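Trainee: Sharing final.tsv (TSV, C-alpha atoms) below.
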chain	number	residue	atom	x	y	z
A	6	MET	CA	8.39	-17.80	-146.20
A	7	GLY	CA	5.34	-16.24	-144.60
A	8	ARG	CA	2.27	-18.09	-143.37
A	9	TRP	CA	0.10	-16.13	-145.81
A	10	GLU	CA	1.39	-18.36	-148.64
A	11	PRO	CA	0.45	-21.87	-147.59
A	12	ASN	CA	2.58	-24.55	-149.28
A	13	ALA	CA	4.07	-21.98	-151.67
A	14	ARG	CA	6.96	-24.29	-152.47
A	15	GLY	CA	4.72	-27.22	-153.36
A	16	ARG	CA	2.45	-25.00	-155.46
A	17	LEU	CA	5.45	-23.58	-157.35
A	18	GLU	CA	6.79	-27.08	-158.04
A	19	GLN	CA	3.42	-28.28	-159.28
A	20	ALA	CA	2.94	-25.20	-161.49
A	21	ALA	CA	6.48	-25.47	-162.90
A	22	LEU	CA	6.11	-29.16	-163.82
A	23	GLU	CA	2.74	-28.51	-165.49
A	24	LEU	CA	4.19	-25.67	-167.57
A	25	TYR	CA	7.39	-27.56	-168.46
A	26	VAL	CA	5.25	-30.41	-169.81
A	27	GLU	CA	2.72	-28.15	-171.57
A	28	ARG	CA	5.09	-25.59	-173.13
A	29	GLY	CA	8.53	-27.09	-172.82
A	30	TYR	CA	11.16	-26.27	-170.21
A	31	GLU	CA	13.03	-23.75	-172.36
A	32	GLN	CA	9.89	-21.77	-173.18
A	33	THR	CA	8.64	-21.43	-169.61
A	34	THR	CA	9.51	-18.30	-167.59
A	35	VAL	CA	9.67	-17.83	-163.84
A	36	ALA	CA	6.92	-15.19	-164.18
A	37	GLU	CA	4.63	-17.80	-165.75
A	38	ILE	CA	5.38	-20.34	-163.03
A	39	ALA	CA	4.65	-17.81	-160.28
A	40	GLY	CA	1.48	-16.71	-162.09
A	41	ARG	CA	0.18	-20.27	-162.47
A	42	ALA	CA	0.81	-20.87	-158.76
A	43	GLY	CA	-0.97	-17.62	-157.83
A	44	LEU	CA	2.23	-16.23	-156.31
A	45	THR	CA	4.78	-13.54	-157.12
A	46	GLU	CA	8.18	-13.92	-158.78
A	47	ARG	CA	9.67	-12.66	-155.54
A	48	THR	CA	8.13	-15.61	-153.73
A	49	PHE	CA	9.52	-17.96	-156.40
A	50	PHE	CA	13.04	-16.66	-155.76
A	51	ARG	CA	12.62	-17.10	-152.01
A	52	HIS	CA	12.26	-20.84	-152.70
A	53	PHE	CA	14.36	-21.52	-155.82
A	54	ALA	CA	17.46	-19.96	-157.35
A	55	ASP	CA	16.14	-20.47	-160.89
A	56	LYS	CA	13.72	-22.57	-162.93
A	57	ARG	CA	16.20	-25.45	-163.20
A	58	GLU	CA	16.47	-25.74	-159.45
A	59	VAL	CA	12.78	-26.63	-159.22
A	60	LEU	CA	13.72	-29.95	-160.84
A	61	PHE	CA	16.81	-30.61	-158.72
A	62	ALA	CA	15.92	-29.11	-155.35
A	63	GLY	CA	15.52	-32.61	-153.88
A	64	ALA	CA	19.04	-33.75	-154.85
A	65	GLY	CA	20.72	-32.61	-151.64
A	66	THR	CA	18.10	-34.27	-149.44
A	67	LEU	CA	18.34	-37.47	-151.48
A	68	ARG	CA	22.11	-37.54	-151.00
A	69	ASP	CA	21.84	-36.80	-147.27
A	70	ASP	CA	19.21	-39.52	-146.82
A	71	LEU	CA	21.30	-42.03	-148.76
A	72	VAL	CA	24.42	-41.29	-146.71
A	73	SER	CA	22.49	-41.37	-143.45
A	74	ALA	CA	20.80	-44.72	-144.27
A	75	ALA	CA	24.15	-46.25	-145.31
A	76	ALA	CA	25.87	-44.96	-142.16
A	77	GLN	CA	23.13	-46.46	-139.96
A	78	ALA	CA	23.18	-49.96	-141.50
A	79	PRO	CA	24.19	-52.70	-139.04
A	80	PRO	CA	27.95	-52.70	-138.27
A	81	GLY	CA	29.81	-55.35	-140.23
A	82	ALA	CA	27.07	-55.71	-142.87
A	83	PRO	CA	28.56	-56.56	-146.30
A	84	PRO	CA	28.92	-53.42	-148.45
A	85	ILE	CA	26.42	-54.67	-151.06
A	86	ASP	CA	23.78	-55.09	-148.32
A	87	VAL	CA	24.55	-51.64	-146.90
A	88	VAL	CA	24.00	-50.25	-150.39
A	89	ALA	CA	20.77	-52.24	-150.88
A	90	THR	CA	19.38	-51.04	-147.55
A	91	ALA	CA	20.31	-47.43	-148.25
A	92	LEU	CA	18.80	-47.46	-151.76
A	93	ALA	CA	15.56	-49.05	-150.56
A	94	ALA	CA	15.37	-46.44	-147.77
A	95	VAL	CA	15.62	-43.51	-150.20
A	96	ALA	CA	13.25	-45.20	-152.66
A	97	ALA	CA	10.41	-45.31	-150.14
A	98	PRO	CA	9.63	-41.54	-150.07
A	99	PHE	CA	9.20	-41.53	-153.88
A	100	GLN	CA	6.14	-43.77	-153.39
A	101	GLY	CA	2.86	-41.92	-153.87
A	102	ARG	CA	4.59	-39.29	-156.03
A	103	LEU	CA	4.67	-41.37	-159.21
A	104	GLU	CA	2.73	-38.94	-161.39
A	105	SER	CA	4.89	-35.98	-160.46
A	106	VAL	CA	8.06	-38.09	-160.80
A	107	ARG	CA	6.93	-39.22	-164.27
A	108	ARG	CA	6.23	-35.65	-165.30
A	109	ARG	CA	9.65	-34.51	-164.06
A	110	GLN	CA	11.31	-37.41	-165.89
A	111	SER	CA	9.64	-36.56	-169.20
A	112	VAL	CA	10.85	-32.96	-168.89
A	113	ILE	CA	14.41	-34.10	-168.18
A	114	GLU	CA	14.46	-36.65	-171.02
A	115	ALA	CA	13.48	-33.90	-173.47
A	116	ASN	CA	16.38	-31.57	-172.64
A	117	ALA	CA	20.09	-32.34	-173.08
A	118	GLU	CA	21.22	-29.87	-170.41
A	119	LEU	CA	18.82	-31.35	-167.86
A	120	LYS	CA	19.93	-34.89	-168.72
A	121	GLU	CA	23.53	-33.84	-168.06
A	122	ARG	CA	22.50	-32.35	-164.73
A	123	GLU	CA	20.75	-35.61	-163.82
A	124	LEU	CA	23.91	-37.60	-164.62
A	125	ILE	CA	25.93	-35.27	-162.40
A	126	LYS	CA	23.41	-35.82	-159.60
A	127	LEU	CA	23.82	-39.60	-159.93
A	128	ALA	CA	27.63	-39.32	-160.00
A	129	SER	CA	27.50	-37.22	-156.86
A	130	LEU	CA	25.28	-39.83	-155.16
A	131	SER	CA	27.82	-42.52	-156.07
A	132	ALA	CA	30.73	-40.49	-154.70
A	133	ALA	CA	28.86	-39.79	-151.43
A	134	LEU	CA	27.95	-43.46	-151.04
A	135	ALA	CA	31.55	-44.59	-151.65
A	136	GLU	CA	32.77	-42.06	-149.07
A	137	THR	CA	30.27	-43.41	-146.50
A	138	LEU	CA	31.37	-46.99	-147.18
A	139	ARG	CA	35.01	-45.98	-146.66
A	140	GLU	CA	34.02	-44.36	-143.36
A	141	ARG	CA	32.47	-47.71	-142.44
A	142	GLY	CA	35.89	-49.31	-143.01
A	143	VAL	CA	35.28	-50.73	-146.50
A	144	ALA	CA	38.55	-50.73	-148.47
A	145	GLU	CA	39.03	-49.50	-152.03
A	146	PRO	CA	38.22	-50.49	-154.72
A	147	ALA	CA	35.34	-52.38	-153.02
A	148	ALA	CA	33.78	-49.14	-151.70
A	149	SER	CA	33.72	-47.42	-155.10
A	150	LEU	CA	32.64	-50.57	-156.93
A	151	ALA	CA	29.75	-51.20	-154.53
A	152	ALA	CA	28.69	-47.54	-154.82
A	153	GLU	CA	28.94	-47.43	-158.64
A	154	ALA	CA	27.07	-50.73	-159.00
A	155	GLY	CA	24.49	-49.54	-156.47
A	156	ILE	CA	23.77	-46.28	-158.29
A	157	GLY	CA	23.57	-48.26	-161.55
A	158	VAL	CA	20.98	-50.50	-159.89
A	159	PHE	CA	19.07	-47.44	-158.68
A	160	LYS	CA	19.04	-45.96	-162.19
A	161	VAL	CA	17.75	-49.19	-163.74
A	162	ALA	CA	15.17	-49.73	-160.96
A	163	PHE	CA	14.01	-46.12	-161.30
A	164	GLY	CA	13.48	-46.58	-165.05
A	165	ARG	CA	11.44	-49.73	-164.40
A	166	TRP	CA	9.33	-48.08	-161.71
A	167	VAL	CA	8.58	-44.99	-163.79
A	168	GLY	CA	7.95	-47.12	-166.89
A	169	GLU	CA	5.65	-49.76	-165.37
A	170	PRO	CA	1.95	-49.06	-166.05
A	171	GLY	CA	0.91	-49.40	-162.42
A	172	GLY	CA	4.23	-48.13	-161.08
A	173	GLY	CA	4.58	-50.85	-158.43
A	174	GLU	CA	6.46	-50.43	-155.19
A	175	PHE	CA	9.73	-48.61	-155.88
A	176	ALA	CA	11.57	-49.92	-152.79
A	177	ARG	CA	10.65	-53.51	-153.74
A	178	ILE	CA	11.80	-52.95	-157.35
A	179	VAL	CA	15.12	-51.63	-155.98
A	180	ARG	CA	15.60	-54.71	-153.79
A	181	GLU	CA	14.73	-57.02	-156.70
A	182	ALA	CA	17.23	-55.19	-158.92
A	183	VAL	CA	19.99	-55.65	-156.30
A	184	ASP	CA	19.17	-59.38	-156.25
A	185	GLU	CA	19.30	-59.42	-160.06
A	186	LEU	CA	22.70	-57.70	-159.95
A	187	LYS	CA	23.93	-60.36	-157.52
A	188	ALA	CA	22.73	-63.07	-159.92
A	189	VAL	CA	24.36	-61.32	-162.90
A	190	ALA	CA	27.67	-60.93	-161.02
A	191	ALA	CA	27.51	-64.62	-160.05
A	192	GLY	CA	27.49	-65.44	-163.76
A	193	SER	CA	23.88	-66.51	-164.25
B	16	MET	CA	43.88	-34.43	-195.15
B	17	GLY	CA	46.79	-34.15	-197.53
B	18	ARG	CA	50.05	-36.08	-197.35
B	19	TRP	CA	51.96	-32.83	-196.92
B	20	GLU	CA	50.84	-32.68	-193.28
B	21	PRO	CA	52.12	-35.91	-191.76
B	22	ASN	CA	50.19	-36.94	-188.64
B	23	ALA	CA	48.39	-33.59	-188.49
B	24	ARG	CA	45.69	-35.05	-186.27
B	25	GLY	CA	48.17	-36.44	-183.74
B	26	ARG	CA	50.15	-33.20	-183.71
B	27	LEU	CA	46.98	-31.17	-183.11
B	28	GLU	CA	45.94	-33.45	-180.25
B	29	GLN	CA	49.35	-33.23	-178.64
B	30	ALA	CA	49.47	-29.42	-179.02
B	31	ALA	CA	45.94	-29.01	-177.66
B	32	LEU	CA	46.61	-31.13	-174.56
B	33	GLU	CA	49.84	-29.25	-173.85
B	34	LEU	CA	48.08	-25.89	-174.10
B	35	TYR	CA	45.04	-26.99	-172.06
B	36	VAL	CA	47.38	-28.05	-169.26
B	37	GLU	CA	49.63	-24.97	-169.50
B	38	ARG	CA	47.02	-22.22	-169.93
B	39	GLY	CA	43.72	-23.86	-169.07
B	40	TYR	CA	41.11	-25.22	-171.49
B	41	GLU	CA	38.96	-22.07	-171.46
B	42	GLN	CA	41.88	-19.78	-172.24
B	43	THR	CA	43.19	-21.77	-175.21
B	44	THR	CA	42.13	-20.84	-178.74
B	45	VAL	CA	42.06	-22.98	-181.88
B	46	ALA	CA	44.53	-20.55	-183.45
B	47	GLU	CA	47.01	-21.24	-180.65
B	48	ILE	CA	46.58	-25.00	-180.99
B	49	ALA	CA	47.18	-24.87	-184.73
B	50	GLY	CA	50.17	-22.56	-184.22
B	51	ARG	CA	51.77	-24.85	-181.62
B	52	ALA	CA	51.31	-27.80	-184.00
B	53	GLY	CA	52.84	-25.82	-186.89
B	54	LEU	CA	49.58	-26.09	-188.84
B	55	THR	CA	46.77	-23.76	-189.92
B	56	GLU	CA	43.36	-23.26	-188.32
B	57	ARG	CA	41.87	-24.60	-191.52
B	58	THR	CA	43.73	-27.85	-190.99
B	59	PHE	CA	42.48	-27.97	-187.39
B	60	PHE	CA	38.89	-27.72	-188.62
B	61	ARG	CA	39.45	-30.49	-191.15
B	62	HIS	CA	40.11	-32.80	-188.18
B	63	PHE	CA	38.00	-31.44	-185.32
B	64	ALA	CA	34.71	-29.52	-185.10
B	65	ASP	CA	35.94	-27.46	-182.13
B	66	LYS	CA	38.46	-27.46	-179.30
B	67	ARG	CA	36.24	-29.67	-177.12
B	68	GLU	CA	36.14	-32.39	-179.75
B	69	VAL	CA	39.91	-32.87	-179.45
B	70	LEU	CA	39.21	-34.37	-176.01
B	71	PHE	CA	36.26	-36.53	-177.08
B	72	ALA	CA	37.12	-37.54	-180.64
B	73	GLY	CA	37.88	-41.07	-179.44
B	74	ALA	CA	34.45	-41.62	-177.87
B	75	GLY	CA	32.80	-43.01	-180.99
B	76	THR	CA	35.63	-45.46	-181.64
B	77	LEU	CA	35.60	-46.55	-177.98
B	78	ARG	CA	31.87	-47.27	-178.18
B	79	ASP	CA	32.20	-49.13	-181.49
B	80	ASP	CA	35.08	-51.23	-180.14
B	81	LEU	CA	33.16	-52.02	-176.95
B	82	VAL	CA	30.06	-53.10	-178.89
B	83	SER	CA	32.09	-55.12	-181.34
B	84	ALA	CA	34.04	-56.95	-178.60
B	85	ALA	CA	30.81	-57.70	-176.69
B	86	ALA	CA	29.10	-58.96	-179.86
B	87	GLN	CA	32.03	-61.28	-180.61
B	88	ALA	CA	32.24	-62.90	-177.16
B	89	PRO	CA	31.55	-66.67	-177.18
B	90	PRO	CA	27.85	-67.48	-177.63
B	91	GLY	CA	26.16	-68.35	-174.36
B	92	ALA	CA	28.82	-66.66	-172.22
B	93	PRO	CA	27.30	-65.17	-169.03
B	94	PRO	CA	26.60	-61.42	-169.45
B	95	ILE	CA	29.12	-60.43	-166.76
B	96	ASP	CA	31.86	-62.31	-168.63
B	97	VAL	CA	30.83	-60.72	-171.93
B	98	VAL	CA	31.14	-57.34	-170.23
B	99	ALA	CA	34.51	-58.22	-168.66
B	100	THR	CA	35.90	-59.39	-172.01
B	101	ALA	CA	34.64	-56.30	-173.83
B	102	LEU	CA	36.02	-53.89	-171.21
B	103	ALA	CA	39.43	-55.58	-171.18
B	104	ALA	CA	39.48	-55.43	-174.99
B	105	VAL	CA	38.88	-51.67	-175.10
B	106	ALA	CA	41.32	-51.10	-172.20
B	107	ALA	CA	44.24	-52.58	-174.13
B	108	PRO	CA	44.68	-49.74	-176.69
B	109	PHE	CA	44.97	-47.20	-173.83
B	110	GLN	CA	48.23	-48.91	-172.82
B	111	GLY	CA	51.31	-46.92	-173.81
B	112	ARG	CA	49.30	-43.67	-173.83
B	113	LEU	CA	49.30	-43.16	-170.06
B	114	GLU	CA	50.95	-39.72	-170.08
B	115	SER	CA	48.54	-38.32	-172.66
B	116	VAL	CA	45.56	-39.96	-170.90
B	117	ARG	CA	46.66	-38.43	-167.57
B	118	ARG	CA	47.01	-35.02	-169.17
B	119	ARG	CA	43.56	-35.29	-170.72
B	120	GLN	CA	42.09	-36.41	-167.40
B	121	SER	CA	43.57	-33.45	-165.51
B	122	VAL	CA	42.05	-31.06	-168.07
B	123	ILE	CA	38.63	-32.69	-167.73
B	124	GLU	CA	38.71	-32.74	-163.93
B	125	ALA	CA	39.37	-28.98	-163.91
B	126	ASN	CA	36.30	-28.05	-165.98
B	127	ALA	CA	32.65	-28.67	-165.03
B	128	GLU	CA	31.39	-28.68	-168.62
B	129	LEU	CA	34.01	-31.25	-169.66
B	130	LYS	CA	33.19	-33.42	-166.64
B	131	GLU	CA	29.53	-33.40	-167.71
B	132	ARG	CA	30.54	-34.39	-171.23
B	133	GLU	CA	32.60	-37.27	-169.82
B	134	LEU	CA	29.61	-38.51	-167.81
B	135	ILE	CA	27.47	-38.42	-170.96
B	136	LYS	CA	30.12	-40.43	-172.78
B	137	LEU	CA	30.04	-43.08	-170.04
B	138	ALA	CA	26.22	-43.17	-170.04
B	139	SER	CA	26.26	-43.65	-173.80
B	140	LEU	CA	28.76	-46.52	-173.44
B	141	SER	CA	26.45	-48.16	-170.90
B	142	ALA	CA	23.41	-47.81	-173.19
B	143	ALA	CA	25.32	-49.27	-176.16
B	144	LEU	CA	26.58	-52.18	-174.07
B	145	ALA	CA	23.08	-52.96	-172.75
B	146	GLU	CA	21.73	-52.87	-176.31
B	147	THR	CA	24.41	-55.34	-177.45
B	148	LEU	CA	23.62	-57.67	-174.55
B	149	ARG	CA	19.92	-57.60	-175.49
B	150	GLU	CA	20.88	-58.45	-179.08
B	151	ARG	CA	22.76	-61.43	-177.62
B	152	GLY	CA	19.48	-62.55	-176.02
B	153	VAL	CA	20.09	-61.26	-172.48
B	154	ALA	CA	16.77	-60.26	-170.89
B	155	GLU	CA	16.06	-57.05	-169.00
B	156	PRO	CA	16.86	-55.95	-166.36
B	157	ALA	CA	19.95	-58.23	-166.48
B	158	ALA	CA	21.26	-56.52	-169.65
B	159	SER	CA	21.04	-53.00	-168.23
B	160	LEU	CA	22.35	-54.06	-164.81
B	161	ALA	CA	25.37	-55.84	-166.30
B	162	ALA	CA	26.07	-52.81	-168.52
B	163	GLU	CA	25.69	-50.25	-165.71
B	164	ALA	CA	27.83	-52.31	-163.35
B	165	GLY	CA	30.38	-52.86	-166.11
B	166	ILE	CA	30.74	-49.16	-166.90
B	167	GLY	CA	31.01	-48.48	-163.15
B	168	VAL	CA	33.84	-51.01	-163.01
B	169	PHE	CA	35.51	-49.35	-166.00
B	170	LYS	CA	35.30	-45.94	-164.34
B	171	VAL	CA	36.81	-47.22	-161.09
B	172	ALA	CA	39.52	-49.21	-162.92
B	173	PHE	CA	40.34	-46.18	-165.07
B	174	GLY	CA	40.78	-44.03	-161.97
B	175	ARG	CA	43.12	-46.62	-160.45
B	176	TRP	CA	45.18	-46.97	-163.62
B	177	VAL	CA	45.57	-43.22	-164.11
B	178	GLY	CA	46.29	-42.71	-160.39
B	179	GLU	CA	48.87	-45.47	-159.88
B	180	PRO	CA	52.46	-44.18	-159.95
B	181	GLY	CA	53.65	-46.73	-162.51
B	182	GLY	CA	50.28	-46.99	-164.24
B	183	GLY	CA	50.28	-50.78	-164.43
B	184	GLU	CA	48.46	-52.75	-167.10
B	185	PHE	CA	45.02	-51.23	-167.65
B	186	ALA	CA	43.41	-54.40	-169.06
B	187	ARG	CA	44.61	-56.37	-166.02
B	188	ILE	CA	43.28	-53.69	-163.64
B	189	VAL	CA	39.91	-53.90	-165.42
B	190	ARG	CA	39.79	-57.70	-165.03
B	191	GLU	CA	40.75	-57.43	-161.35
B	192	ALA	CA	38.02	-54.83	-160.79
B	193	VAL	CA	35.42	-57.14	-162.38
B	194	ASP	CA	36.57	-59.89	-160.00
B	195	GLU	CA	36.31	-57.43	-157.09
B	196	LEU	CA	32.78	-56.53	-158.19
B	197	LYS	CA	31.89	-60.23	-158.24
B	198	ALA	CA	33.23	-60.57	-154.68
B	199	VAL	CA	31.36	-57.43	-153.53
B	200	ALA	CA	28.09	-58.69	-155.08
B	201	ALA	CA	28.63	-62.07	-153.41
B	202	GLY	CA	28.59	-60.25	-150.08
B	203	SER	CA	32.25	-60.39	-149.13
Turn the structure described in the file into structure tokens.
Mentor:
Amino acid sequence: MGRWEPNARGRLEQAALELYVERGYEQTTVAEIAGRAGLTERTFFRHFADKREVLFAGAGTLRDDLVSAAAQAPPGAPPIDVVATALAAVAAPFQGRLESVRRRQSVIEANAELKERELIKLASLSAALAETLRERGVAEPAASLAAEAGIGVFKVAFGRWVGEPGGGEFARIVREAVDELKAVAAGS
Amino acid sequence: MGRWEPNARGRLEQAALELYVERGYEQTTVAEIAGRAGLTERTFFRHFADKREVLFAGAGTLRDDLVSAAAQAPPGAPPIDVVATALAAVAAPFQGRLESVRRRQSVIEANAELKERELIKLASLSAALAETLRERGVAEPAASLAAEAGIGVFKVAFGRWVGEPGGGEFARIVREAVDELKAVAAGS
């Protein structure tokens, strides 16, 4: 990852998303992505295993950030508040990337295989969150239920954020959705 | 589906599950399934499109039953109670099929493609449930949040039922898990 290719990774991501939207994900080749970014295929493969990974490269970081935020919540906090804090923490870095997030989402929605991959990513986030709650001393099934409900909230909040004309503040939408879930669970 | 092949569908399902467990899903052919069931391949294809469909043939019925139970809940019932009633209703028919459900689950857990398919099934249940809640007049995001949380509860309750030595009563485990979710959301 030499210094003669400034922000190669970011340029490859940008080029890939543009091409996936313009030509379709299936029709785009790694050679085209590299070409659009003004880089070589070899450089592409130094950053990504394949063209799908461009869309999911952030999944590991997202999971690590979620686990880390949940682990650092105040000791003794109720599980639902640990989850709310962790989700709002990982929502914040999405802010300012709305256009690129929207573009990625439209590519994923258009492809069954990518939608499956996205569901697996969410299931893996839920499993990691439940594991962190258990490490905090939360018993089962509360840990898994809080994690499943939390990832459901994240999914719904994400859809609202991406779908709103102005976008709004994702972390705030996440917190509002957790409050809505609390109201729903209370029977209102 | 002639009368000269009594319970062909059930025999094919049983044979397929046995073979998937014994030899692995990937290694099993339709010819072997038909042979084990004492039927022809042609009969297999009258009942199932392919060997994967044997594992997911019930998904459409499950979704229809879930939607129908949610639609028939008392008018004005809180969304979370509509969801609880609908989930308990679809849990009931699983009772008495624990061994076959466990066998199916072990096959799915062992295969990444089947796990993806299972996640898609759950996502489709959530979308159908949210749609039914909206038709009942529940606003967004409450409808989607109740549906997502509900399917999360179902997933957790299913895991507990399949994992418990004696199995227990699935519908009761579902109702208990909804109550646990209510407690979690209330901050306990």
Trainee: Mind listing as a PDB file with C-alpha atoms, in the frame of the given file which residues of chain A are within 7 Å of chain B, counting all atoms listed in the file?
Mentor:
ATOM      1  CA  PRO A  83      28.560 -56.560-146.300  1.00  0.00           C
ATOM      2  CA  PRO A  84      28.920 -53.420-148.450  1.00  0.00           C
ATOM      3  CA  ILE A  85      26.420 -54.670-151.060  1.00  0.00           C
ATOM      4  CA  GLU A 121      23.530 -33.840-168.060  1.00  0.00           C
ATOM      5  CA  LEU A 124      23.910 -37.600-164.620  1.00  0.00           C
ATOM      6  CA  ILE A 125      25.930 -35.270-162.400  1.00  0.00           C
ATOM      7  CA  ALA A 147      35.340 -52.380-153.020  1.00  0.00           C
ATOM      8  CA  SER A 149      33.720 -47.420-155.100  1.00  0.00           C
ATOM      9  CA  LEU A 150      32.640 -50.570-156.930  1.00  0.00           C
ATOM     10  CA  ALA A 151      29.750 -51.200-154.530  1.00  0.00           C
ATOM     11  CA  GLU A 153      28.940 -47.430-158.640  1.00  0.00           C
ATOM     12  CA  ALA A 154      27.070 -50.730-159.000  1.00  0.00           C
ATOM     13  CA  GLY A 157      23.570 -48.260-161.550  1.00  0.00           C
ATOM     14  CA  VAL A 158      20.980 -50.500-159.890  1.00  0.00           C
ATOM     15  CA  VAL A 161      17.750 -49.190-163.740  1.00  0.00           C
ATOM     16  CA  GLU A 185      19.300 -59.420-160.060  1.00  0.00           C
ATOM     17  CA  LEU A 186      22.700 -57.700-159.950  1.00  0.00           C
ATOM     18  CA  LYS A 187      23.930 -60.360-157.520  1.00  0.00           C
ATOM     19  CA  VAL A 189      24.360 -61.320-162.900  1.00  0.00           C
ATOM     20  CA  ALA A 190      27.670 -60.930-161.020  1.00  0.00           C
ATOM     21  CA  ALA A 191      27.510 -64.620-160.050  1.00  0.00           C
ATOM     22  CA  GLY A 192      27.490 -65.440-163.760  1.00  0.00           C
ATOM     23  CA  SER A 193      23.880 -66.510-164.250  1.00  0.00           C
TER      24      SER A 193
END
Trainee: Nearest residue to Ala76 in chain A out of A:Asn116, A:Thr137, A:Thr45, A:Gln100, using only C-alpha atoms?
Mentor: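 Selected residue with least distance to Ala76 in chain A: A:Thr137.
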Trainee: CA of Ala135 in chain A and CA of Leu103 in chain A, how far apart in Å?
Mentor: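 CA of Ala135 in chain A lies 28.1 Å from CA of Leu103 in chain A.
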Trainee: Go through A:Asn12, A:Thr33, A:Ser73, A:Ser105 and flag the residue nearest Thr48 in chain A, using all atoms listed in the file for the distances.
Mentor: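 Checking each of A:Asn12, A:Thr33, A:Ser73, A:Ser105 against Thr48 in chain A, counting all atoms listed in the file, the winner is A:Asn12.
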Trainee: Show me, as a list in words, the residues that have an atom within 9 Å of Ala96 in chain A when counting all atoms listed in the file, minus same-chain residues fewer than 4 positions from it.
Mentor: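 Returned residues: Ala91, Leu92, Gln100, Phe159, Phe163, Glu174, Phe175, Ala176, Arg177 and Val179 of chain A.
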Trainee: With only C-alpha atoms as the counted atoms, please give the residues lying no more than 12 Å from Thr66 in chain A, apart from itself and same-chain residues fewer than 4 positions off, as a list in words.
Mentor: Phe61, Ala62, Asp70, Leu71, Val72, Ser73, Ala74, Val95, Pro98, Lys126 and Leu130 of chain A
Trainee: Which one of B:Leu34, B:Ala107, B:Ala64, B:Ala142 sits closest to Gly183 in chain B if you count only C-alpha atoms?
Mentor: B:Ala107
